[in-house]
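run.cif follows (mmCIF, C-alpha atoms):
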data_upload
#
loop_
_atom_site.label_atom_id
_atom_site.label_comp_id
_atom_site.auth_asym_id
_atom_site.auth_seq_id
_atom_site.Cartn_x
_atom_site.Cartn_y
_atom_site.Cartn_z
CA MET X 9 -7.98 60.47 -14.01
CA LYS X 10 -10.04 59.39 -11.04
CA TYR X 11 -7.30 58.19 -8.73
CA LEU X 12 -5.04 61.15 -9.41
CA PHE X 13 -7.72 63.69 -8.51
CA GLU X 14 -8.92 62.01 -5.32
CA GLN X 15 -5.37 61.50 -4.01
CA ILE X 16 -4.30 65.09 -4.67
CA LEU X 17 -7.50 66.53 -3.19
CA LYS X 18 -7.29 64.47 -0.01
CA LYS X 19 -3.55 65.04 0.40
CA TYR X 20 -3.98 68.82 0.10
CA ARG X 21 -6.84 68.97 2.59
CA GLU X 22 -5.12 66.81 5.21
CA LYS X 23 -1.83 68.68 4.79
CA SER X 24 -3.70 71.98 5.28
CA GLY X 25 -5.44 70.64 8.39
CA VAL X 26 -8.92 71.74 7.32
CA THR X 27 -12.28 69.98 7.18
CA GLN X 28 -14.21 69.07 4.06
CA GLU X 29 -16.71 71.81 4.90
CA ILE X 30 -13.96 74.46 4.87
CA MET X 31 -12.64 73.15 1.56
CA VAL X 32 -16.13 73.36 0.05
CA ASP X 33 -16.45 76.93 1.31
CA LEU X 34 -13.03 77.86 -0.11
CA LEU X 35 -13.74 76.48 -3.56
CA SER X 36 -17.36 77.63 -3.87
CA HIS X 37 -16.54 81.22 -2.93
CA ASN X 38 -13.61 81.56 -5.30
CA SER X 39 -15.05 80.15 -8.52
CA SER X 40 -18.33 80.85 -10.26
CA LYS X 41 -18.21 77.32 -11.74
CA LEU X 42 -18.00 75.80 -8.26
CA LYS X 43 -20.52 77.99 -6.43
CA LYS X 44 -23.03 75.12 -6.26
CA LEU X 45 -20.51 72.70 -4.76
CA ASP X 46 -21.83 70.97 -1.61
CA ASN X 47 -20.36 68.73 1.09
CA VAL X 48 -21.85 65.53 -0.35
CA THR X 49 -20.32 66.11 -3.78
CA PHE X 50 -16.92 66.99 -2.30
CA SER X 51 -16.96 63.89 -0.10
CA ARG X 52 -17.72 61.73 -3.14
CA TRP X 53 -14.81 63.36 -5.03
CA GLU X 54 -12.41 62.69 -2.19
CA ARG X 55 -13.48 59.04 -1.93
CA GLY X 56 -13.16 58.55 -5.69
CA ILE X 57 -16.83 57.69 -6.15
CA THR X 58 -17.28 60.49 -8.69
CA ILE X 59 -14.97 63.09 -10.21
CA PRO X 60 -15.60 66.46 -11.87
CA PRO X 61 -14.85 67.01 -15.58
CA PHE X 62 -11.18 67.41 -16.48
CA LYS X 63 -11.47 71.20 -17.05
CA LYS X 64 -12.98 71.62 -13.59
CA GLN X 65 -10.19 69.53 -12.05
CA ILE X 66 -7.60 71.88 -13.58
CA GLU X 67 -9.44 74.90 -12.16
CA ILE X 68 -9.46 73.31 -8.69
CA TYR X 69 -5.71 72.64 -8.89
CA GLN X 70 -5.16 76.28 -9.82
CA LEU X 71 -7.34 77.55 -6.98
CA LEU X 72 -5.42 75.40 -4.49
CA GLY X 73 -2.03 76.34 -5.94
CA VAL X 74 -1.27 72.68 -6.63
CA ASP X 75 1.02 71.50 -9.43
CA PRO X 76 -0.58 68.19 -10.51
CA ILE X 77 2.58 67.11 -12.35
CA ASP X 78 4.70 67.26 -9.20
CA GLU X 79 1.96 65.46 -7.29
CA ILE X 80 1.75 62.71 -9.93
CA ILE X 81 5.48 62.13 -9.68
CA ASP X 82 5.57 62.39 -5.88
CA LEU X 83 2.70 59.92 -5.48
CA ASN X 84 4.10 57.69 -8.25
CA ILE X 85 0.76 57.67 -10.04
CA GLU X 86 0.48 55.97 -13.42
CA LEU X 87 -1.71 58.05 -15.70
CA PRO X 88 -4.54 56.28 -17.53
CA LYS X 89 -4.03 55.88 -21.27
CA VAL X 90 -5.57 58.55 -23.46
CA ASP X 91 -7.79 57.70 -26.40
CA ASN X 92 -6.18 57.98 -29.81
CA ASP X 93 -6.54 56.37 -33.20
CA ASN X 94 -3.37 54.30 -33.31
CA ASP X 95 -2.52 53.77 -29.62
CA ASN X 96 0.76 55.61 -30.21
CA TYR X 97 1.68 58.63 -32.30
CA TYR X 98 5.06 57.17 -33.23
CA ALA X 99 6.95 53.89 -33.22
CA SER X 100 7.44 52.36 -29.80
CA ASP X 101 10.58 50.34 -30.39
CA TYR X 102 13.81 49.49 -28.61
CA TYR X 103 14.84 53.12 -28.08
CA THR X 104 14.51 53.93 -24.42
CA TYR X 105 15.42 57.04 -22.49
CA GLY X 106 17.52 55.01 -20.07
CA ASN X 107 19.60 53.55 -22.89
CA SER X 108 23.08 55.09 -22.89
CA ASP X 109 23.00 55.12 -26.70
CA PHE X 110 20.06 57.55 -26.64
CA VAL X 111 21.55 61.06 -26.38
CA THR X 112 19.83 64.46 -26.26
CA HIS X 113 21.39 67.83 -27.10
CA VAL X 114 19.74 71.11 -26.11
CA LEU X 115 21.33 74.09 -27.83
CA ASN X 116 20.52 77.68 -26.89
CA ARG X 117 22.25 80.87 -25.75
CA ASN X 118 23.60 79.13 -22.67
CA THR X 119 24.93 76.01 -24.40
CA LEU X 120 26.56 77.45 -27.53
CA PRO X 121 29.78 75.39 -27.17
CA GLY X 122 27.73 72.26 -27.88
CA LEU X 123 26.79 73.51 -31.34
CA ASP X 124 29.95 72.13 -32.96
CA SER X 125 28.95 68.57 -32.06
CA VAL X 126 25.72 68.70 -34.12
CA LEU X 127 26.67 70.83 -37.13
CA GLU X 128 26.38 67.79 -39.38
CA GLU X 129 22.80 67.26 -38.21
CA MET X 130 22.07 70.96 -38.85
CA GLU X 131 23.07 70.50 -42.48
CA LEU X 132 20.65 67.57 -42.77
CA LEU X 133 17.83 69.63 -41.28
CA ILE X 134 18.43 72.51 -43.67
CA ASP X 135 18.21 70.14 -46.63
CA SER X 136 14.98 68.55 -45.41
CA ASP X 137 13.10 71.47 -43.83
CA TYR X 138 11.79 74.25 -46.08
CA TYR X 139 11.28 76.88 -43.40
CA PHE X 140 14.61 76.29 -41.71
CA LYS X 141 16.35 76.55 -45.08
CA GLN X 142 14.65 79.89 -45.76
CA LEU X 143 15.57 81.15 -42.32
CA ILE X 144 19.26 80.27 -42.64
CA LYS X 145 19.34 81.94 -46.05
CA PHE X 146 17.92 85.20 -44.69
CA THR X 147 20.53 85.52 -41.95
CA GLY X 148 23.06 86.27 -44.67
CA LYS X 149 25.86 84.67 -42.66
CA SER X 150 28.86 82.91 -44.22
CA SER X 151 28.34 79.60 -42.40
CA ILE X 152 25.61 77.51 -40.80
CA LYS X 153 27.27 77.90 -37.41
CA LYS X 154 27.29 81.69 -37.62
CA SER X 155 23.67 81.68 -38.83
CA ILE X 156 22.49 79.60 -35.88
CA GLU X 157 24.54 81.64 -33.39
CA SER X 158 22.90 84.78 -34.77
CA LEU X 159 19.41 83.27 -34.40
CA MET X 160 20.18 82.33 -30.82
CA ALA X 161 21.43 85.82 -30.03
CA LYS X 162 18.60 87.73 -31.72
CA LEU X 163 15.57 85.44 -31.45
CA ASN X 164 16.48 83.25 -28.46
CA ALA X 165 16.48 80.17 -30.72
CA GLU X 166 16.61 76.73 -29.13
CA ILE X 167 17.46 73.52 -30.99
CA ILE X 168 16.81 70.06 -29.54
CA ILE X 169 18.44 67.01 -31.09
CA CYS X 170 17.83 63.36 -30.13
CA LYS X 171 20.28 60.76 -31.46
CA TYR X 172 20.57 57.01 -31.19
CA LYS X 173 24.04 55.62 -31.98
CA SER X 174 24.90 58.79 -33.94
CA ARG X 175 21.65 58.57 -35.93
CA LEU X 176 19.30 61.54 -35.81
CA ILE X 177 15.88 60.32 -34.59
CA ALA X 178 14.21 63.56 -33.47
CA HIS X 179 14.63 67.32 -33.47
CA SER X 180 12.90 70.65 -32.92
CA ILE X 181 13.82 74.25 -33.67
CA THR X 182 12.14 77.00 -31.67
CA LEU X 183 12.25 80.77 -32.24
CA TYR X 184 10.69 83.41 -30.00
CA VAL X 185 9.02 85.67 -32.55
CA SER X 186 5.84 87.62 -33.23
CA SER X 187 3.03 86.01 -35.22
CA ASP X 188 3.77 87.93 -38.44
CA PHE X 189 7.34 86.62 -38.66
CA LEU X 190 6.46 83.54 -40.70
CA LYS X 191 4.37 85.47 -43.22
CA ASP X 192 7.15 88.00 -43.77
CA LEU X 193 9.71 85.21 -44.07
CA MET X 194 7.71 83.54 -46.85
CA CYS X 195 7.12 86.84 -48.64
CA ASN X 196 10.85 87.67 -48.62
CA GLU X 197 10.11 90.82 -46.63
CA ILE X 198 12.44 90.27 -43.68
CA ASP X 199 15.25 92.76 -43.23
CA TYR X 200 17.67 90.72 -41.14
CA THR X 201 19.39 93.84 -39.84
CA LYS X 202 16.10 94.62 -38.06
CA ILE X 203 15.21 91.05 -37.11
CA LYS X 204 15.21 91.88 -33.39
CA ASP X 205 11.97 93.77 -34.07
CA TYR X 206 10.30 90.34 -34.36
CA ALA X 207 11.48 89.17 -30.92
CA SER X 208 8.59 88.03 -28.72
CA ASN X 209 7.58 85.78 -25.82
CA ASN X 210 5.58 83.65 -28.26
CA PRO X 211 7.55 80.52 -29.24
CA LEU X 212 7.27 79.36 -32.85
CA ILE X 213 8.32 75.79 -33.65
CA ILE X 214 9.55 76.04 -37.24
CA SER X 215 10.80 72.45 -37.40
CA PHE X 216 9.60 69.41 -35.47
CA TYR X 217 10.09 65.68 -35.94
CA ALA X 218 10.17 62.60 -33.73
CA SER X 219 10.44 58.99 -34.89
CA THR X 220 9.90 57.22 -31.54
CA ASN X 221 7.71 57.66 -28.48
CA ASP X 222 10.65 58.35 -26.16
CA SER X 223 12.06 61.08 -28.36
CA LEU X 224 8.58 62.57 -28.77
CA LYS X 225 8.03 62.63 -25.01
CA TYR X 226 11.34 64.37 -24.43
CA ILE X 227 11.08 67.02 -27.14
CA LEU X 228 7.39 67.90 -26.84
CA GLY X 229 7.53 67.69 -23.04
CA ARG X 230 10.38 70.20 -22.98
CA ILE X 231 8.64 72.52 -25.45
CA LEU X 232 5.41 72.53 -23.40
CA THR X 233 7.30 72.95 -20.11
CA ASN X 234 9.23 75.96 -21.44
CA PHE X 235 6.02 77.48 -22.78
CA LEU X 236 4.13 77.14 -19.50
CA ASP X 237 7.08 78.72 -17.68
CA ILE X 238 6.65 81.98 -19.63
CA PRO X 239 5.21 84.49 -17.10
CA ASN X 240 2.69 86.02 -19.53
CA ILE X 241 -0.53 84.02 -19.28
CA ASP X 242 -1.61 85.26 -22.73
CA SER X 243 1.47 83.89 -24.53
CA LYS X 244 0.79 81.60 -27.47
CA LEU X 245 2.71 78.65 -28.86
CA TYR X 246 2.89 78.15 -32.64
CA PHE X 247 3.81 75.02 -34.63
CA ILE X 248 4.42 74.85 -38.36
CA SER X 249 4.51 71.40 -39.94
CA GLY X 250 3.77 69.52 -43.13
CA GLU X 251 3.46 66.08 -41.48
CA LYS X 252 0.01 64.52 -40.99
CA ASN X 253 0.96 62.75 -37.76
CA ILE X 254 2.11 66.01 -36.25
CA HIS X 255 -1.09 67.78 -37.34
CA LYS X 256 -3.10 65.08 -35.54
CA LEU X 257 -0.92 65.45 -32.48
CA PHE X 258 -1.47 69.20 -32.29
CA VAL X 259 -5.22 68.66 -32.48
CA LYS X 260 -4.86 66.55 -29.32
CA LEU X 261 -3.36 69.65 -27.68
CA ASN X 262 -6.55 71.59 -28.54
CA SER X 263 -4.73 73.69 -31.14
CA LYS X 264 -6.36 75.93 -33.72
CA ILE X 265 -5.22 76.02 -37.35
CA LYS X 266 -4.25 79.59 -38.32
CA PHE X 267 -3.42 78.94 -41.97
CA ASN X 268 -2.54 76.29 -44.56
CA GLU X 269 0.09 76.58 -47.25
CA PHE X 270 1.00 74.07 -49.98
CA ILE X 271 4.72 73.80 -50.79
CA ASP X 272 5.93 71.06 -53.16
CA ASP X 273 2.56 69.27 -52.80
CA LYS X 274 2.87 69.18 -49.01
CA ASN X 275 0.27 70.88 -46.82
CA TYR X 276 1.99 73.02 -44.19
CA LYS X 277 -0.24 74.09 -41.31
CA LEU X 278 0.40 76.73 -38.66
CA SER X 279 -1.23 75.71 -35.37
CA GLU X 280 -1.80 78.00 -32.39
CA VAL X 281 -1.95 76.72 -28.81
CA THR X 282 -2.70 78.72 -25.66
CA LYS X 283 -1.85 77.89 -22.05
CA LEU X 284 -5.53 77.25 -21.44
CA ASN X 285 -5.56 74.73 -24.32
CA ILE X 286 -2.64 72.87 -22.77
CA ASN X 287 -4.08 72.92 -19.27
CA HIS X 288 -7.27 71.34 -20.62
CA SER X 289 -5.53 68.62 -22.65
CA LYS X 290 -5.04 65.17 -21.14
CA ASP X 291 -2.46 64.41 -23.83
CA ALA X 292 -0.45 67.48 -22.85
CA LEU X 293 -0.48 66.35 -19.22
CA HIS X 294 1.01 63.01 -20.28
CA PHE X 295 3.84 64.71 -22.16
CA LEU X 296 4.58 67.09 -19.27
CA VAL X 297 4.65 64.28 -16.71
CA ASP X 298 6.78 61.99 -18.87
CA PHE X 299 9.31 64.74 -19.55
CA ARG X 300 9.61 65.76 -15.89
CA ARG X 301 10.04 62.14 -14.86
CA MET X 302 12.85 61.84 -17.40
CA GLU X 303 14.52 64.93 -15.97
CA TYR X 304 14.21 63.69 -12.40
CA GLU X 305 15.80 60.37 -13.36
CA LYS X 306 18.92 62.02 -14.77
#
As structure tokens, the full file:
Amino acid sequence: MKYLFEQILKKYREKSGVTQEIMVDLLSHNSSKLKKLDNVTFSRWERGITIPPFKKQIEIYQLLGVDPIDEIIDLNIELPKVDNDNDNYYASDYYTYGNSDFVTHVLNRNTLPGLDSVLEEMELLIDSDYYFKQLIKFTGKSSIKKSIESLMAKLNAEIIICKYKSRLIAHSITLYVSSDFLKDLMCNEIDYTKIKDYASNNPLIISFYASTNDSLKYILGRILTNFLDIPNIDSKLYFISGEKNIHKLFVKLNSKIKFNEFIDDKNYKLSEVTKLNINHSKDALHFLVDFRRMEYEK
């Protein structure tokens, strides 16, 4: 990320109207990891001759109060490709975000009227997703619609649907719950009349799927953006999935596996991600930038 770092660093310093020496003094006195920083090293950073490790770049952005994502978009910087096993996590085909046949639906407390338009997709998800099926069952409501409305009201649920020509190509279901919610759900120990007791600032993704790169960028980019917007720096993001590709993806986000569970010969893993993990992941930066670019283009 050489060109990104040098451009942001130089732009900040020139906009602030300070010398390189003052910048060195500012950084070295406000971070124990940068206390040995000298003028020669800083000058080489700003000219793009050398760059610090990615984790140190993130710390410098934080010290300067710079949002690298906004700077990437403002400077129209193309991020370098990240290393991965298959070049892409998912199929890169003719689906494109700019295609009018590619439609996204975001359903939460504020967009409840849109729920009717995707009830058919909700039925498909219940049939294919073990955890979502269990969750709907425990609400005890007379219809899928009432179950989902209840989850939105009590656990701030958010559902994202991506469709191409009426075909479901991606989705995610997020609940804001404490870490023991999933265990109690699987042990049939949830009293739904007291479900608000599980409410938390920690988002849990109980269902996640994307069949194309564009749908993956949109859904995961939105999930990570919402998570980073939570004021509590100690908040944690949890994913539960039985798909190998998704497990590999979460590893790229520096996640930690909290537990494994085999259901119908499928290995479900619960992964935990912190804000620090995300800030230190180049893959996460790609998803955040791609999502924000999509939003700006709307």
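Evaluating the PyMOL selection byres ((chain X and resi 193) around 12) against the shown model yields X:Tyr138, X:Tyr139, X:Phe140, X:Lys141, X:Gln142, X:Leu143, X:Ile144, X:Lys145, X:Phe146, X:Thr147, X:Val185, X:Ser186, X:Ser187, X:Asp188, X:Phe189, X:Leu190, X:Lys191, X:Asp192, X:Met194, X:Cys195, X:Asn196, X:Glu197, X:Ile198, X:Asp199, X:Tyr200, X:Ile203, X:Tyr206, X:Ile214.
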Counting all atoms listed in the file, the residue of X:Met130, X:Cys170, X:Val26, X:Leu115 that sits nearest X:Thr182: X:Leu115
From X:Ser155, X:Asn116, X:Gln28, X:Asn285, residue lying nearest X:Lys63 [all atoms listed in the file]: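 Once distances to X:Lys63 are computed over all atoms listed in the file, the minimum belongs to X:Asn285.
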Measuring atom to atom with all atoms listed in the file, identify which of X:Leu183, X:Ile169, X:Ile68, X:Thr282 is nearest to X:Leu132.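 The answer is X:Ile169, which sits nearest to X:Leu132.
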Nearest residue to X:Ile16 from the set X:Glu166, X:Glu54, X:Asp124, X:Asp242 (distances using all atoms listed in the file): X:Glu54
For X:Lys43, please output as a ChimeraX atom specification all residues within 10 Å (counting only C-alpha atoms; exclusion window: fewer than 6 positions along the same chain). /X:32-37
Put those residues in a file: C-alpha atoms, as a PDB file, keeping the file's coordinate frame.
ATOM      1  CA  VAL X  32     -16.130  73.360   0.050  1.00  0.00           C
ATOM      2  CA  ASP X  33     -16.450  76.930   1.310  1.00  0.00           C
ATOM      3  CA  LEU X  34     -13.030  77.860  -0.110  1.00  0.00           C
ATOM      4  CA  LEU X  35     -13.740  76.480  -3.560  1.00  0.00           C
ATOM      5  CA  SER X  36     -17.360  77.630  -3.870  1.00  0.00           C
ATOM      6  CA  HIS X  37     -16.540  81.220  -2.930  1.00  0.00           C
TER       7      HIS X  37
END
Quick check, in Å to one decimal: how far apart do atom CA of X:Asp78 and atom CA of X:Leu232 lie?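 We find that atom CA of X:Asp78 and atom CA of X:Leu232 lie 15.2 Å from each other.
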Given only C-alpha atoms as the counted atoms, nearest of X:Asn209, X:Thr58, X:Gly148, X:Leu228 to X:Ile181: X:Leu228
Starting from the displayed file, determine the output of the PyMOL selection byres ((chain X and resi 76) around 10) and express the residue list as a ChimeraX atom specification. /X:12-13,16,65-66,69-70,73-75,77-82,293,297
Output check: residues returned by the PyMOL selection byres ((chain X and resi 176) around 12), as a PyMOL selection string: chain X and resi 109-113+126-133+168-175+177-180+217-220+223
Two-atom distance - atom CA of X:Tyr184, atom CA of X:Met302 (Å): 25.1 Å
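Non-sequential neighbours of X:Phe295 (distance at most 9 Å, separation of 4 or more positions within a chain, only C-alpha atoms) are Leu224, Lys225, Tyr226, Leu228, Gly229, Arg230, Leu232, Lys290, Asp291, Phe299 and Arg300 of chain X.
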Of the candidates X:Leu71, X:Ile286, X:Val48, X:Leu278, which one gets nearest to X:His255 if we count all atoms listed in the file?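 With all atoms listed in the file as the atom set, the closest residue is X:Leu278.
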Just to confirm, what's the straight-line distance from atom CA of X:Leu245 to atom CA of X:Leu296 in Å (one decimal)?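 About the pair atom CA of X:Leu245 and atom CA of X:Leu296: they are 15.1 Å apart.
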In the coordinate frame of the file, compute which residues have an atom within 8 Å of (3.7, 75.6, -32.6) when using all atoms listed in the file, and state them as a PDB file with C-alpha atoms, in the coordinates of the input.
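Saved the output as selection.pdb:
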ATOM      1  CA  PRO X 211       7.550  80.520 -29.240  1.00  0.00           C
ATOM      2  CA  LEU X 212       7.270  79.360 -32.850  1.00  0.00           C
ATOM      3  CA  ILE X 213       8.320  75.790 -33.650  1.00  0.00           C
ATOM      4  CA  ILE X 214       9.550  76.040 -37.240  1.00  0.00           C
ATOM      5  CA  LEU X 245       2.710  78.650 -28.860  1.00  0.00           C
ATOM      6  CA  TYR X 246       2.890  78.150 -32.640  1.00  0.00           C
ATOM      7  CA  PHE X 247       3.810  75.020 -34.630  1.00  0.00           C
ATOM      8  CA  ILE X 248       4.420  74.850 -38.360  1.00  0.00           C
ATOM      9  CA  LEU X 278       0.400  76.730 -38.660  1.00  0.00           C
ATOM     10  CA  SER X 279      -1.230  75.710 -35.370  1.00  0.00           C
ATOM     11  CA  GLU X 280      -1.800  78.000 -32.390  1.00  0.00           C
ATOM     12  CA  VAL X 281      -1.950  76.720 -28.810  1.00  0.00           C
TER      13      VAL X 281
END
Spatial neighbours of X:Glu269, 9 Å, only C-alpha atoms, chain gap at least 4 places, as a PyMOL selection string: chain X and resi 250+274-278
Can you pull out every residue within 9 Å of X:Tyr20, counting all atoms listed in the file, but drop anything in the same chain fewer than 5 positions away, and send it as a PyMOL selection string? chain X and resi 15+25+72+74
